[in-house]
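Asker: What follows is run30.csv, CSV, N, CA and C atoms.
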chain,number,residue,atom,x,y,z
A,1,MET,N,-7.2,-7.7,0.2
A,1,MET,CA,-7.6,-6.3,0.6
A,1,MET,C,-6.6,-5.3,-0.1
A,2,LEU,N,-7.2,-4.3,-0.7
A,2,LEU,CA,-6.4,-3.3,-1.4
A,2,LEU,C,-6.6,-2.0,-0.7
A,3,PHE,N,-5.5,-1.4,-0.2
A,3,PHE,CA,-5.5,-0.1,0.4
A,3,PHE,C,-5.2,0.9,-0.8
A,4,VAL,N,-6.0,2.0,-0.8
A,4,VAL,CA,-5.8,3.0,-1.9
A,4,VAL,C,-5.7,4.4,-1.3
A,5,CYS,N,-4.8,5.2,-1.8
A,5,CYS,CA,-4.8,6.6,-1.5
A,5,CYS,C,-4.3,7.3,-2.8
A,6,THR,N,-3.8,8.5,-2.7
A,6,THR,CA,-3.4,9.2,-3.9
A,6,THR,C,-2.1,8.8,-4.4
A,7,ALA,N,-1.0,9.0,-3.7
A,7,ALA,CA,0.4,8.8,-4.2
A,7,ALA,C,0.9,7.4,-4.0
A,8,ASN,N,0.3,6.7,-3.0
A,8,ASN,CA,0.8,5.3,-2.6
A,8,ASN,C,2.1,5.4,-2.0
A,9,ILE,N,2.4,6.5,-1.3
A,9,ILE,CA,3.7,6.5,-0.5
A,9,ILE,C,3.5,6.9,0.9
A,10,CYS,N,2.2,7.2,1.3
A,10,CYS,CA,1.9,7.5,2.7
A,10,CYS,C,0.9,6.6,3.3
A,11,ARG,N,-0.4,7.0,3.2
A,11,ARG,CA,-1.4,6.3,3.9
A,11,ARG,C,-1.6,4.8,3.5
A,12,SER,N,-1.8,4.6,2.2
A,12,SER,CA,-2.1,3.2,1.8
A,12,SER,C,-0.8,2.4,1.9
A,13,ALA,N,0.4,3.0,1.7
A,13,ALA,CA,1.6,2.3,1.8
A,13,ALA,C,1.8,1.8,3.3
A,14,TYR,N,1.6,2.7,4.2
A,14,TYR,CA,1.7,2.4,5.6
A,14,TYR,C,0.7,1.3,6.0
A,15,ALA,N,-0.5,1.4,5.6
A,15,ALA,CA,-1.5,0.4,6.0
A,15,ALA,C,-1.1,-0.9,5.4
A,16,ASP,N,-0.6,-1.0,4.2
A,16,ASP,CA,-0.2,-2.2,3.6
A,16,ASP,C,1.0,-2.9,4.3
A,17,VAL,N,2.0,-2.1,4.7
A,17,VAL,CA,3.1,-2.6,5.4
A,17,VAL,C,2.7,-3.2,6.7
A,18,VAL,N,1.9,-2.4,7.5
A,18,VAL,CA,1.5,-2.9,8.8
A,18,VAL,C,0.6,-4.1,8.7
A,19,ALA,N,-0.3,-4.1,7.8
A,19,ALA,CA,-1.3,-5.2,7.6
A,19,ALA,C,-0.5,-6.5,7.2
A,20,ARG,N,0.4,-6.4,6.3
A,20,ARG,CA,1.2,-7.5,5.9
A,20,ARG,C,1.9,-8.1,7.1
A,21,SER,N,2.4,-7.3,8.0
A,21,SER,CA,3.2,-7.8,9.1
A,21,SER,C,2.4,-8.5,10.1
A,22,ALA,N,1.1,-8.3,10.1
A,22,ALA,CA,0.1,-9.0,11.0
A,22,ALA,C,0.0,-10.5,10.7
A,23,GLY,N,0.3,-10.9,9.4
A,23,GLY,CA,0.3,-12.3,9.0
A,23,GLY,C,-1.1,-12.9,9.2
A,24,VAL,N,-2.1,-12.3,8.7
A,24,VAL,CA,-3.5,-12.8,8.8
A,24,VAL,C,-3.6,-13.9,7.8
A,25,PRO,N,-3.9,-15.2,8.3
A,25,PRO,CA,-4.0,-16.3,7.4
A,25,PRO,C,-5.2,-16.1,6.4
A,26,GLY,N,-4.9,-16.4,5.1
A,26,GLY,CA,-5.9,-16.4,4.1
A,26,GLY,C,-6.2,-15.0,3.5
A,27,VAL,N,-5.5,-13.9,4.0
A,27,VAL,CA,-5.8,-12.6,3.5
A,27,VAL,C,-4.5,-12.0,2.9
A,28,GLU,N,-4.7,-11.6,1.7
A,28,GLU,CA,-3.5,-10.9,1.0
A,28,GLU,C,-3.8,-9.4,1.0
A,29,PHE,N,-2.7,-8.7,1.3
A,29,PHE,CA,-2.8,-7.2,1.3
A,29,PHE,C,-2.0,-6.6,0.2
A,30,SER,N,-2.5,-5.5,-0.3
A,30,SER,CA,-1.7,-4.8,-1.3
A,30,SER,C,-2.2,-3.3,-1.2
A,31,SER,N,-1.5,-2.5,-2.0
A,31,SER,CA,-1.8,-1.1,-2.0
A,31,SER,C,-1.5,-0.5,-3.4
A,32,ALA,N,-2.2,0.7,-3.7
A,32,ALA,CA,-2.0,1.4,-4.9
A,32,ALA,C,-2.4,2.8,-4.8
A,33,GLY,N,-2.1,3.6,-5.7
A,33,GLY,CA,-2.5,5.0,-5.7
A,33,GLY,C,-3.3,5.5,-6.9
A,34,THR,N,-4.2,6.4,-6.7
A,34,THR,CA,-4.9,6.9,-7.9
A,34,THR,C,-4.1,7.8,-8.8
A,35,ARG,N,-3.1,8.4,-8.2
A,35,ARG,CA,-2.1,9.2,-8.9
A,35,ARG,C,-0.7,8.9,-8.4
A,36,ALA,N,-0.4,7.6,-8.4
A,36,ALA,CA,0.8,7.0,-7.7
A,36,ALA,C,2.1,7.7,-8.2
A,37,LEU,N,3.0,7.8,-7.3
A,37,LEU,CA,4.4,8.2,-7.6
A,37,LEU,C,5.1,6.8,-7.8
A,38,VAL,N,4.9,6.3,-9.0
A,38,VAL,CA,5.3,4.9,-9.3
A,38,VAL,C,6.8,4.6,-9.0
A,39,ASP,N,7.0,3.5,-8.3
A,39,ASP,CA,8.3,3.0,-7.9
A,39,ASP,C,9.0,3.8,-6.8
A,40,GLN,N,8.3,4.8,-6.2
A,40,GLN,CA,8.9,5.6,-5.1
A,40,GLN,C,8.7,4.7,-3.8
A,41,ALA,N,9.6,5.0,-2.9
A,41,ALA,CA,9.6,4.3,-1.6
A,41,ALA,C,8.5,5.0,-0.7
A,42,ILE,N,8.2,4.3,0.4
A,42,ILE,CA,7.3,4.9,1.4
A,42,ILE,C,7.9,6.2,1.9
A,43,ASP,N,7.1,7.2,2.2
A,43,ASP,CA,7.5,8.5,2.7
A,43,ASP,C,8.4,8.3,3.9
A,44,PRO,N,9.6,8.9,4.0
A,44,PRO,CA,10.5,8.7,5.1
A,44,PRO,C,9.9,8.9,6.5
A,45,PRO,N,9.2,10.0,6.7
A,45,PRO,CA,8.6,10.1,8.1
A,45,PRO,C,7.6,9.0,8.4
A,46,ARG,N,6.8,8.6,7.4
A,46,ARG,CA,5.9,7.5,7.5
A,46,ARG,C,6.6,6.2,7.9
A,47,ALA,N,7.7,5.9,7.2
A,47,ALA,CA,8.5,4.7,7.4
A,47,ALA,C,9.1,4.7,8.8
A,48,ALA,N,9.5,5.9,9.3
A,48,ALA,CA,10.0,6.0,10.6
A,48,ALA,C,9.0,5.6,11.7
A,49,ASN,N,7.7,5.7,11.4
A,49,ASN,CA,6.7,5.3,12.3
A,49,ASN,C,6.2,3.9,12.3
A,50,VAL,N,6.7,3.1,11.3
A,50,VAL,CA,6.3,1.7,11.1
A,50,VAL,C,7.0,0.9,12.2
A,51,ARG,N,6.2,0.3,13.1
A,51,ARG,CA,6.7,-0.5,14.2
A,51,ARG,C,6.8,-2.0,13.9
A,52,ALA,N,6.1,-2.4,12.8
A,52,ALA,CA,6.1,-3.8,12.4
A,52,ALA,C,6.1,-3.8,10.9
A,53,GLY,N,6.9,-4.8,10.3
A,53,GLY,CA,7.0,-4.9,8.9
A,53,GLY,C,8.2,-4.2,8.4
A,54,ASP,N,8.4,-4.3,7.1
A,54,ASP,CA,9.6,-3.8,6.4
A,54,ASP,C,9.2,-2.7,5.4
A,55,PRO,N,9.2,-1.4,5.8
A,55,PRO,CA,8.8,-0.4,4.9
A,55,PRO,C,9.7,-0.2,3.7
A,56,THR,N,11.0,-0.7,3.8
A,56,THR,CA,11.9,-0.5,2.7
A,56,THR,C,11.6,-1.3,1.5
A,57,ALA,N,10.7,-2.3,1.7
A,57,ALA,CA,10.3,-3.2,0.5
A,57,ALA,C,9.2,-2.5,-0.3
A,58,HIS,N,8.6,-1.5,0.2
A,58,HIS,CA,7.4,-0.9,-0.5
A,58,HIS,C,7.9,-0.1,-1.7
A,59,ARG,N,7.2,-0.3,-2.8
A,59,ARG,CA,7.3,0.6,-4.0
A,59,ARG,C,5.9,1.0,-4.5
A,60,ALA,N,5.7,2.3,-4.7
A,60,ALA,CA,4.4,2.8,-5.1
A,60,ALA,C,4.0,2.2,-6.5
A,61,ARG,N,2.7,2.0,-6.6
A,61,ARG,CA,2.2,1.5,-7.9
A,61,ARG,C,0.8,2.2,-8.2
A,62,GLN,N,0.6,2.3,-9.5
A,62,GLN,CA,-0.7,2.9,-10.0
A,62,GLN,C,-1.9,2.0,-9.8
A,63,LEU,N,-3.0,2.5,-9.4
A,63,LEU,CA,-4.2,1.8,-9.3
A,63,LEU,C,-4.7,1.4,-10.7
A,64,THR,N,-5.0,0.2,-11.0
A,64,THR,CA,-5.5,-0.2,-12.3
A,64,THR,C,-6.8,-1.0,-12.2
A,65,ARG,N,-7.5,-1.1,-13.3
A,65,ARG,CA,-8.7,-1.9,-13.3
A,65,ARG,C,-8.5,-3.3,-12.8
A,66,ASP,N,-7.4,-3.9,-13.2
A,66,ASP,CA,-7.1,-5.3,-12.8
A,66,ASP,C,-6.9,-5.4,-11.3
A,67,LEU,N,-6.2,-4.4,-10.7
A,67,LEU,CA,-6.1,-4.5,-9.2
A,67,LEU,C,-7.5,-4.3,-8.5
A,68,VAL,N,-8.3,-3.5,-9.1
A,68,VAL,CA,-9.7,-3.3,-8.5
A,68,VAL,C,-10.5,-4.6,-8.7
A,69,SER,N,-10.4,-5.2,-9.8
A,69,SER,CA,-11.2,-6.4,-10.1
A,69,SER,C,-10.8,-7.6,-9.3
A,70,GLU,N,-9.5,-7.6,-8.9
A,70,GLU,CA,-8.9,-8.7,-8.1
A,70,GLU,C,-9.2,-8.6,-6.6
A,71,ALA,N,-9.5,-7.4,-6.2
A,71,ALA,CA,-9.7,-7.1,-4.8
A,71,ALA,C,-11.1,-7.5,-4.3
A,72,ASP,N,-11.1,-8.2,-3.1
A,72,ASP,CA,-12.4,-8.5,-2.4
A,72,ASP,C,-12.9,-7.3,-1.6
A,73,LEU,N,-11.9,-6.5,-1.1
A,73,LEU,CA,-12.2,-5.3,-0.3
A,73,LEU,C,-11.3,-4.2,-0.7
A,74,ILE,N,-11.8,-3.0,-0.9
A,74,ILE,CA,-10.9,-1.8,-1.2
A,74,ILE,C,-11.2,-0.8,-0.1
A,75,LEU,N,-10.1,-0.4,0.5
A,75,LEU,CA,-10.2,0.7,1.6
A,75,LEU,C,-9.4,1.9,1.1
Have the structure of the file written as structure tokens, please.
Answerer:
Amino acid sequence: MLFVCTANICRSAYADVVARSAGVPGVEFSSAGTRALVDQAIDPPRAANVRAGDPTAHRARQLTRDLVSEADLIL
């Protein structure tokens, strides 16, 4: 499952961190941005609201054709 937003430091990053923490068997989560702030950390106010998972591990990445083609579901 691929979460997508613009910069990949707020909405999609938050969704990715929280979804990964759920540990759903057989489902891989990732995120990217259409105009990503590549290698930036999750937005500090967003990170402060994460109740599960490790927001410090997130680094923004650019959406690519490869990521799109590898995803079974894009949100």
Asker: Using only N, CA and C atoms for the distances, tell me which of A:Asn8, A:Ser69, A:Thr64, A:Ser21 is nearest to Gln40 of chain A.
Answerer: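 Residue with the minimum atom-to-atom distance to Gln40 of chain A: A:Asn8.
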Asker: If you measure from atom CA of Val38 of chain A to atom CA of Leu63 of chain A, what distance in Å do you get, rounded to one decimal?
Answerer: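 Calculated distance between atom CA of Val38 of chain A and atom CA of Leu63 of chain A is 10.0 Å.
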Asker: I need the residue nearest Ala57 of chain A from this list: A:Ala32, A:Ala71, A:Arg20, A:Ile42. Use all atoms listed in the file for the distance.
Answerer: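 Smallest distance to Ala57 of chain A is found for A:Ile42.
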Asker: Please tell me which residues are no farther than 6.5 Å from (-5.2, 6.9, -2.7) in the file, counting all atoms listed in the file, and write them as a list in words.
Answerer: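 In the file's frame, the residues around the point are Phe3, Val4, Cys5, Thr6, Ala7, Asn8, Ser12, Ala32, Gly33, Thr34 and Arg35 of chain A.
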Asker: With only C-alpha atoms as the basis for distance, which of A:Pro45, A:Glu28, A:Asp72, A:Val50 is at the shortest distance from Ala15 of chain A?
Answerer: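 Using only C-alpha atoms, the shortest distance to Ala15 of chain A belongs to A:Val50.
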Asker: Identify all residues of chain A in strand (DSSP E) (DSSP on the backbone) and supply them as a list in words.
Answerer: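 DSSP on the backbone gives strand (DSSP E) at Leu2, Phe3, Val4, Cys5, Ser30, Ser31, Ala32 and Gly33 of chain A.
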Asker: Write the residues of the selection above to a file with N, CA and C atoms, as a PDB file, in the frame of the given file.
Answerer:
ATOM      1  N   LEU A   2      -7.200  -4.300  -0.700  1.00  0.00           N
ATOM      2  CA  LEU A   2      -6.400  -3.300  -1.400  1.00  0.00           C
ATOM      3  C   LEU A   2      -6.600  -2.000  -0.700  1.00  0.00           C
ATOM      4  N   PHE A   3      -5.500  -1.400  -0.200  1.00  0.00           N
ATOM      5  CA  PHE A   3      -5.500  -0.100   0.400  1.00  0.00           C
ATOM      6  C   PHE A   3      -5.200   0.900  -0.800  1.00  0.00           C
ATOM      7  N   VAL A   4      -6.000   2.000  -0.800  1.00  0.00           N
ATOM      8  CA  VAL A   4      -5.800   3.000  -1.900  1.00  0.00           C
ATOM      9  C   VAL A   4      -5.700   4.400  -1.300  1.00  0.00           C
ATOM     10  N   CYS A   5      -4.800   5.200  -1.800  1.00  0.00           N
ATOM     11  CA  CYS A   5      -4.800   6.600  -1.500  1.00  0.00           C
ATOM     12  C   CYS A   5      -4.300   7.300  -2.800  1.00  0.00           C
ATOM     13  N   SER A  30      -2.500  -5.500  -0.300  1.00  0.00           N
ATOM     14  CA  SER A  30      -1.700  -4.800  -1.300  1.00  0.00           C
ATOM     15  C   SER A  30      -2.200  -3.300  -1.200  1.00  0.00           C
ATOM     16  N   SER A  31      -1.500  -2.500  -2.000  1.00  0.00           N
ATOM     17  CA  SER A  31      -1.800  -1.100  -2.000  1.00  0.00           C
ATOM     18  C   SER A  31      -1.500  -0.500  -3.400  1.00  0.00           C
ATOM     19  N   ALA A  32      -2.200   0.700  -3.700  1.00  0.00           N
ATOM     20  CA  ALA A  32      -2.000   1.400  -4.900  1.00  0.00           C
ATOM     21  C   ALA A  32      -2.400   2.800  -4.800  1.00  0.00           C
ATOM     22  N   GLY A  33      -2.100   3.600  -5.700  1.00  0.00           N
ATOM     23  CA  GLY A  33      -2.500   5.000  -5.700  1.00  0.00           C
ATOM     24  C   GLY A  33      -3.300   5.500  -6.900  1.00  0.00           C
TER      25      GLY A  33
END
Asker: Report, in Å to a single decimal, how far apart atom N of Met1 of chain A and atom CA of Glu70 of chain A are.
Answerer: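 Atom N of Met1 of chain A lies 8.5 Å from atom CA of Glu70 of chain A.
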Asker: One decimal, in Å: what's the spacing between atom CA of Ala41 of chain A and atom CA of Arg59 of chain A?
Answerer: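 Between these atoms lies a distance of 5.0 Å.
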Asker: Looking only at the backbone, which of the residues in chain A does DSSP tag as helix (DSSP H, G or I), as an MDAnalysis selection string?
Answerer: chainID A and resid 11:22 44:48 55:57 65:70
Asker: Looking at A:Ala36, A:Ala52, A:Leu67, A:Leu75, which one is nearest to Ile9 of chain A, with distances taken over only C-alpha atoms?
Answerer: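 Checking each candidate against Ile9 of chain A, we get A:Ala36 as the closest.
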Asker: With all atoms listed in the file as the atoms that count, which of A:Pro55, A:Pro44, A:Asp39, A:Leu73 lies nearest to Val17 of chain A?
Answerer: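 Among the listed residues, A:Pro55 lies closest to Val17 of chain A.
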Asker: Have a look at A:Gly53, A:Ile74, A:Leu37, A:Gln62 and name the one nearest to Ala22 of chain A; count only C-alpha atoms.
Answerer: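 Checking each of A:Gly53, A:Ile74, A:Leu37, A:Gln62 against Ala22 of chain A, counting only C-alpha atoms, the winner is A:Gly53.
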